[in-house]
Every structure is written in C-alpha cells, then in structure tokens.
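Dumped my_file_20.cif below, it's mmCIF, C-alpha atoms; chains and numbers go by the auth columns:
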```
data_entry
loop_
_atom_site.group_PDB
_atom_site.id
_atom_site.type_symbol
_atom_site.label_atom_id
_atom_site.label_comp_id
_atom_site.label_asym_id
_atom_site.label_seq_id
_atom_site.Cartn_x
_atom_site.Cartn_y
_atom_site.Cartn_z
_atom_site.B_iso_or_equiv
_atom_site.auth_seq_id
_atom_site.auth_asym_id
ATOM 1 C CA MET A 1 5.459 10.033 7.483 0.00 30 A
ATOM 2 C CA LEU A 2 5.371 6.943 9.638 0.00 31 A
ATOM 3 C CA GLU A 3 6.546 4.467 7.018 0.00 32 A
ATOM 4 C CA GLY A 4 8.438 1.531 8.464 0.00 33 A
ATOM 5 C CA LYS A 5 6.779 1.882 11.863 0.00 34 A
ATOM 6 C CA GLY A 6 3.814 -0.350 11.082 0.00 35 A
ATOM 7 C CA ARG A 7 3.509 -3.763 12.683 0.00 36 A
ATOM 8 C CA VAL A 8 1.878 -6.452 10.538 0.00 37 A
ATOM 9 C CA LYS A 9 -0.284 -8.737 12.656 0.00 38 A
ATOM 10 C CA GLU A 10 -1.632 -11.000 9.909 0.00 39 A
ATOM 11 C CA THR A 11 -1.470 -11.006 6.107 0.00 40 A
ATOM 12 C CA ASP A 12 -1.452 -13.046 2.944 0.00 41 A
ATOM 13 C CA MET A 13 -0.484 -10.100 0.688 0.00 42 A
ATOM 14 C CA SER A 14 2.732 -9.858 -1.241 0.00 43 A
ATOM 15 C CA GLU A 15 5.460 -7.835 0.431 0.00 44 A
ATOM 16 C CA LYS A 16 5.028 -5.100 -2.179 0.00 45 A
ATOM 17 C CA MET A 17 1.308 -4.766 -1.378 0.00 46 A
ATOM 18 C CA GLN A 18 2.038 -4.805 2.367 0.00 47 A
ATOM 19 C CA ILE A 19 4.435 -1.888 1.946 0.00 48 A
ATOM 20 C CA HIS A 20 1.844 -0.067 -0.157 0.00 49 A
ATOM 21 C CA ALA A 21 -0.848 -0.666 2.501 0.00 50 A
ATOM 22 C CA MET A 22 1.288 0.755 5.298 0.00 51 A
ATOM 23 C CA ALA A 23 2.444 3.680 3.154 0.00 52 A
ATOM 24 C CA SER A 24 -1.184 4.460 2.271 0.00 53 A
ATOM 25 C CA ALA A 25 -2.154 4.393 5.949 0.00 54 A
ATOM 26 C CA SER A 26 0.788 6.600 6.851 0.00 55 A
ATOM 27 C CA HIS A 27 -0.143 9.083 4.126 0.00 56 A
ATOM 28 C CA ALA A 28 -3.773 9.090 5.314 0.00 57 A
ATOM 29 C CA LEU A 29 -2.556 9.878 8.852 0.00 58 A
ATOM 30 C CA ASP A 30 -0.660 12.849 7.417 0.00 59 A
ATOM 31 C CA LEU A 31 -3.892 14.123 5.836 0.00 60 A
ATOM 32 C CA PHE A 32 -6.480 13.355 8.540 0.00 61 A
ATOM 33 C CA ASP A 33 -6.689 13.431 12.315 0.00 62 A
ATOM 34 C CA VAL A 34 -6.100 10.107 14.048 0.00 63 A
ATOM 35 C CA SER A 35 -9.650 10.300 15.475 0.00 64 A
ATOM 36 C CA ASP A 36 -11.214 10.557 11.981 0.00 65 A
ATOM 37 C CA CYS A 37 -11.258 6.818 11.265 0.00 66 A
ATOM 38 C CA LEU A 38 -13.930 7.134 8.568 0.00 67 A
ATOM 39 C CA SER A 39 -11.830 9.528 6.450 0.00 68 A
ATOM 40 C CA LEU A 40 -8.723 7.401 7.002 0.00 69 A
ATOM 41 C CA ALA A 41 -10.527 4.238 5.857 0.00 70 A
ATOM 42 C CA ALA A 42 -12.113 5.996 2.853 0.00 71 A
ATOM 43 C CA HIS A 43 -8.758 7.378 1.723 0.00 72 A
ATOM 44 C CA ILE A 44 -7.060 3.965 1.909 0.00 73 A
ATOM 45 C CA LYS A 45 -9.981 2.188 0.196 0.00 74 A
ATOM 46 C CA LYS A 46 -9.941 4.681 -2.686 0.00 75 A
ATOM 47 C CA GLU A 47 -6.170 4.297 -3.057 0.00 76 A
ATOM 48 C CA PHE A 48 -6.465 0.485 -3.260 0.00 77 A
ATOM 49 C CA ASP A 49 -9.443 0.690 -5.640 0.00 78 A
ATOM 50 C CA ARG A 50 -7.445 3.015 -7.907 0.00 79 A
ATOM 51 C CA THR A 51 -4.296 0.878 -7.814 0.00 80 A
ATOM 52 C CA TYR A 52 -5.648 -2.699 -7.730 0.00 81 A
ATOM 53 C CA GLY A 53 -9.187 -2.394 -9.121 0.00 82 A
ATOM 54 C CA GLY A 54 -12.478 -1.759 -7.338 0.00 83 A
ATOM 55 C CA GLY A 55 -14.080 -3.616 -4.477 0.00 84 A
ATOM 56 C CA TRP A 56 -11.583 -3.157 -1.640 0.00 85 A
ATOM 57 C CA GLN A 57 -12.750 -2.788 1.957 0.00 86 A
ATOM 58 C CA CYS A 58 -10.965 -0.977 4.785 0.00 87 A
ATOM 59 C CA VAL A 59 -11.650 -0.866 8.523 0.00 88 A
ATOM 60 C CA VAL A 60 -9.743 1.497 10.824 0.00 89 A
ATOM 61 C CA GLY A 61 -10.008 1.771 14.592 0.00 90 A
ATOM 62 C CA SER A 62 -8.446 1.053 17.924 0.00 91 A
ATOM 63 C CA ASN A 63 -10.826 -1.685 19.050 0.00 92 A
ATOM 64 C CA PHE A 64 -12.904 -3.779 16.653 0.00 93 A
ATOM 65 C CA GLY A 65 -13.634 -7.363 15.782 0.00 94 A
ATOM 66 C CA SER A 66 -14.251 -8.855 12.382 0.00 95 A
ATOM 67 C CA PHE A 67 -15.023 -12.083 10.595 0.00 96 A
ATOM 68 C CA PHE A 68 -15.068 -12.118 6.802 0.00 97 A
ATOM 69 C CA THR A 69 -14.152 -13.956 3.630 0.00 98 A
ATOM 70 C CA HIS A 70 -11.499 -12.509 1.330 0.00 99 A
ATOM 71 C CA SER A 71 -9.896 -13.255 -2.002 0.00 100 A
ATOM 72 C CA THR A 72 -6.490 -14.935 -1.868 0.00 101 A
ATOM 73 C CA ALA A 73 -3.516 -12.577 -1.422 0.00 102 A
ATOM 74 C CA THR A 74 -5.683 -9.526 -0.633 0.00 103 A
ATOM 75 C CA PHE A 75 -5.708 -9.358 3.175 0.00 104 A
ATOM 76 C CA ILE A 76 -3.651 -7.403 5.682 0.00 105 A
ATOM 77 C CA TYR A 77 -4.189 -6.501 9.321 0.00 106 A
ATOM 78 C CA PHE A 78 -1.608 -4.169 10.836 0.00 107 A
ATOM 79 C CA ALA A 79 -1.066 -1.553 13.534 0.00 108 A
ATOM 80 C CA LEU A 80 0.244 1.957 12.983 0.00 109 A
ATOM 81 C CA GLU A 81 0.385 4.531 15.765 0.00 110 A
ATOM 82 C CA THR A 82 -2.591 3.805 18.034 0.00 111 A
ATOM 83 C CA LEU A 83 -4.786 2.393 15.271 0.00 112 A
ATOM 84 C CA ASN A 84 -5.368 -0.974 13.661 0.00 113 A
ATOM 85 C CA PHE A 85 -5.962 -1.250 9.913 0.00 114 A
ATOM 86 C CA LEU A 86 -7.763 -4.063 8.143 0.00 115 A
ATOM 87 C CA ILE A 87 -7.693 -4.026 4.333 0.00 116 A
ATOM 88 C CA PHE A 88 -9.134 -6.804 2.192 0.00 117 A
ATOM 89 C CA LYS A 89 -10.931 -7.562 -1.045 0.00 118 A
ATOM 90 C CA PRO A 90 -13.938 -9.867 -0.828 0.00 119 A
ATOM 91 C CA PRO A 91 -14.352 -12.696 -3.339 0.00 120 A
ATOM 92 C CA PRO A 92 -16.093 -11.796 -6.618 0.00 121 A
#
```

Translate the structure of the given file into structure tokens.
Amino acid sequence: MLEGKGRVKETDMSEKMQIHAMASASHALDLFDVSDCLSLAAHIKKEFDRTYGGGWQCVVGSNFGSFFTHSTATFIYFALETLNFLIFKPPP
C-alpha cells in the first residue's frame, strides 16, 4: 500500500474524501499494473460510485490535460507513484 505517499495538487473535497481517493488509488495500484490506466480508473470510479452515488469520473495517466465543470466539493487532482489521478463528479 502506498497510502500517505500521495501529493494533492488541487482539490475542493473534504479531507475524509481526499484520504478515501488516495486510498482507493493505492488499492487499485495493488491490484493492477501501473501501465493499465484504464483498469485503475475504472476501479476508482466504481469505488466512488458505490460509496458516494453514481456519476463519478476518473482520469489516470502520466501526462494529460483537462478542462471540465464539476459539482462543489467533488474534485481532486493528485499524484501517486508516477501517475496523476483526477476524480470528479459533474453537475447533475
């Protein structure tokens, strides 16, 4: 497990959700190869859908850009190992 080694770059989530996001990413890295970004993102998205209700989005990779709209208190962008993780829930 890599918990505690994540580096939050930007967020508006509660601290509890931030910890959950990084723990979910760490757990996904235990299950999947670091090069399998699609499986990592799917695992994290499903975890957030199950815990906080459906509609979450997750992007995982080492080099990507994004521009999106999100619901208040549902956004985090952080680094873990060599990857960046973007998790958010769009507005209804």

Excluding segment 48-63 of chain A and its own-chain neighbours fewer than 3 positions away, which residues fall within 12 Å of it when counting only C-alpha atoms? Please give them as an mmCIF file with C-alpha atoms, in the coordinates of the input.
```
data_model
loop_
_atom_site.group_PDB
_atom_site.id
_atom_site.type_symbol
_atom_site.label_atom_id
_atom_site.label_comp_id
_atom_site.auth_asym_id
_atom_site.auth_seq_id
_atom_site.Cartn_x
_atom_site.Cartn_y
_atom_site.Cartn_z
ATOM 1 C CA MET A 30 5.459 10.033 7.483
ATOM 2 C CA LEU A 31 5.371 6.943 9.638
ATOM 3 C CA GLU A 32 6.546 4.467 7.018
ATOM 4 C CA GLY A 33 8.438 1.531 8.464
ATOM 5 C CA LYS A 34 6.779 1.882 11.863
ATOM 6 C CA GLY A 35 3.814 -0.350 11.082
ATOM 7 C CA ARG A 36 3.509 -3.763 12.683
ATOM 8 C CA VAL A 37 1.878 -6.452 10.538
ATOM 9 C CA THR A 40 -1.470 -11.006 6.107
ATOM 10 C CA MET A 42 -0.484 -10.100 0.688
ATOM 11 C CA SER A 43 2.732 -9.858 -1.241
ATOM 12 C CA GLU A 44 5.460 -7.835 0.431
ATOM 13 C CA LYS A 45 5.028 -5.100 -2.179
ATOM 14 C CA CYS A 66 -11.258 6.818 11.265
ATOM 15 C CA LEU A 67 -13.930 7.134 8.568
ATOM 16 C CA SER A 68 -11.830 9.528 6.450
ATOM 17 C CA LEU A 69 -8.723 7.401 7.002
ATOM 18 C CA ALA A 70 -10.527 4.238 5.857
ATOM 19 C CA ALA A 71 -12.113 5.996 2.853
ATOM 20 C CA HIS A 72 -8.758 7.378 1.723
ATOM 21 C CA ILE A 73 -7.060 3.965 1.909
ATOM 22 C CA LYS A 74 -9.981 2.188 0.196
ATOM 23 C CA LYS A 75 -9.941 4.681 -2.686
ATOM 24 C CA GLU A 76 -6.170 4.297 -3.057
ATOM 25 C CA PHE A 77 -6.465 0.485 -3.260
ATOM 26 C CA ASP A 78 -9.443 0.690 -5.640
ATOM 27 C CA THR A 80 -4.296 0.878 -7.814
ATOM 28 C CA TYR A 81 -5.648 -2.699 -7.730
ATOM 29 C CA TRP A 85 -11.583 -3.157 -1.640
ATOM 30 C CA CYS A 87 -10.965 -0.977 4.785
ATOM 31 C CA VAL A 88 -11.650 -0.866 8.523
ATOM 32 C CA VAL A 89 -9.743 1.497 10.824
ATOM 33 C CA GLY A 90 -10.008 1.771 14.592
ATOM 34 C CA SER A 91 -8.446 1.053 17.924
ATOM 35 C CA THR A 103 -5.683 -9.526 -0.633
ATOM 36 C CA PHE A 104 -5.708 -9.358 3.175
ATOM 37 C CA ILE A 105 -3.651 -7.403 5.682
ATOM 38 C CA TYR A 106 -4.189 -6.501 9.321
ATOM 39 C CA PHE A 107 -1.608 -4.169 10.836
ATOM 40 C CA ALA A 108 -1.066 -1.553 13.534
ATOM 41 C CA LEU A 109 0.244 1.957 12.983
ATOM 42 C CA GLU A 110 0.385 4.531 15.765
ATOM 43 C CA THR A 111 -2.591 3.805 18.034
ATOM 44 C CA LEU A 112 -4.786 2.393 15.271
ATOM 45 C CA ASN A 113 -5.368 -0.974 13.661
ATOM 46 C CA PHE A 114 -5.962 -1.250 9.913
ATOM 47 C CA LEU A 115 -7.763 -4.063 8.143
ATOM 48 C CA ILE A 116 -7.693 -4.026 4.333
ATOM 49 C CA PHE A 117 -9.134 -6.804 2.192
#
```

Restricting to all atoms listed in the file, whichever of A:Ala102, A:Phe96, A:Pro121, A:Asp65 is closest to Gly84 of chain A is A:Pro121

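Our summary of the geometry notes that atom CA of Lys38 of chain A is positioned 16.3 Å from atom CA of Phe97 of chain A.
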
Report the distance between atom CA of Ser100 of chain A and atom CA of Glu39 of chain A in Å, rounded to one decimal place.
14.7 Å

If you take every atom of segment 85-102 of chain A that the file lists and fit an axis-aligned box around them with 4 Å extra on each side, what centre and edge lengths come out in Å to one decimal, as AutoDock Vina command-line options?
```
--center_x -9.3 --center_y -6.6 --center_z 8.5 --size_x 19.6 --size_y 24.7 --size_z 29.1
```

When the PyMOL selection byres ((chain A and resi 99) around 6) is applied to the file above, which residues end up in the set, as a JSON list (two decimals) with C-alpha atoms, in the frame of the given file?
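Full text of result-v9.json as output:
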```json
[["chain", "number", "residue", "atom", "x", "y", "z"],
["A", 98, "THR", "CA", -14.15, -13.96, 3.63],
["A", 100, "SER", "CA", -9.90, -13.26, -2.00],
["A", 118, "LYS", "CA", -10.93, -7.56, -1.04],
["A", 119, "PRO", "CA", -13.94, -9.87, -0.83],
["A", 120, "PRO", "CA", -14.35, -12.70, -3.34]]
```
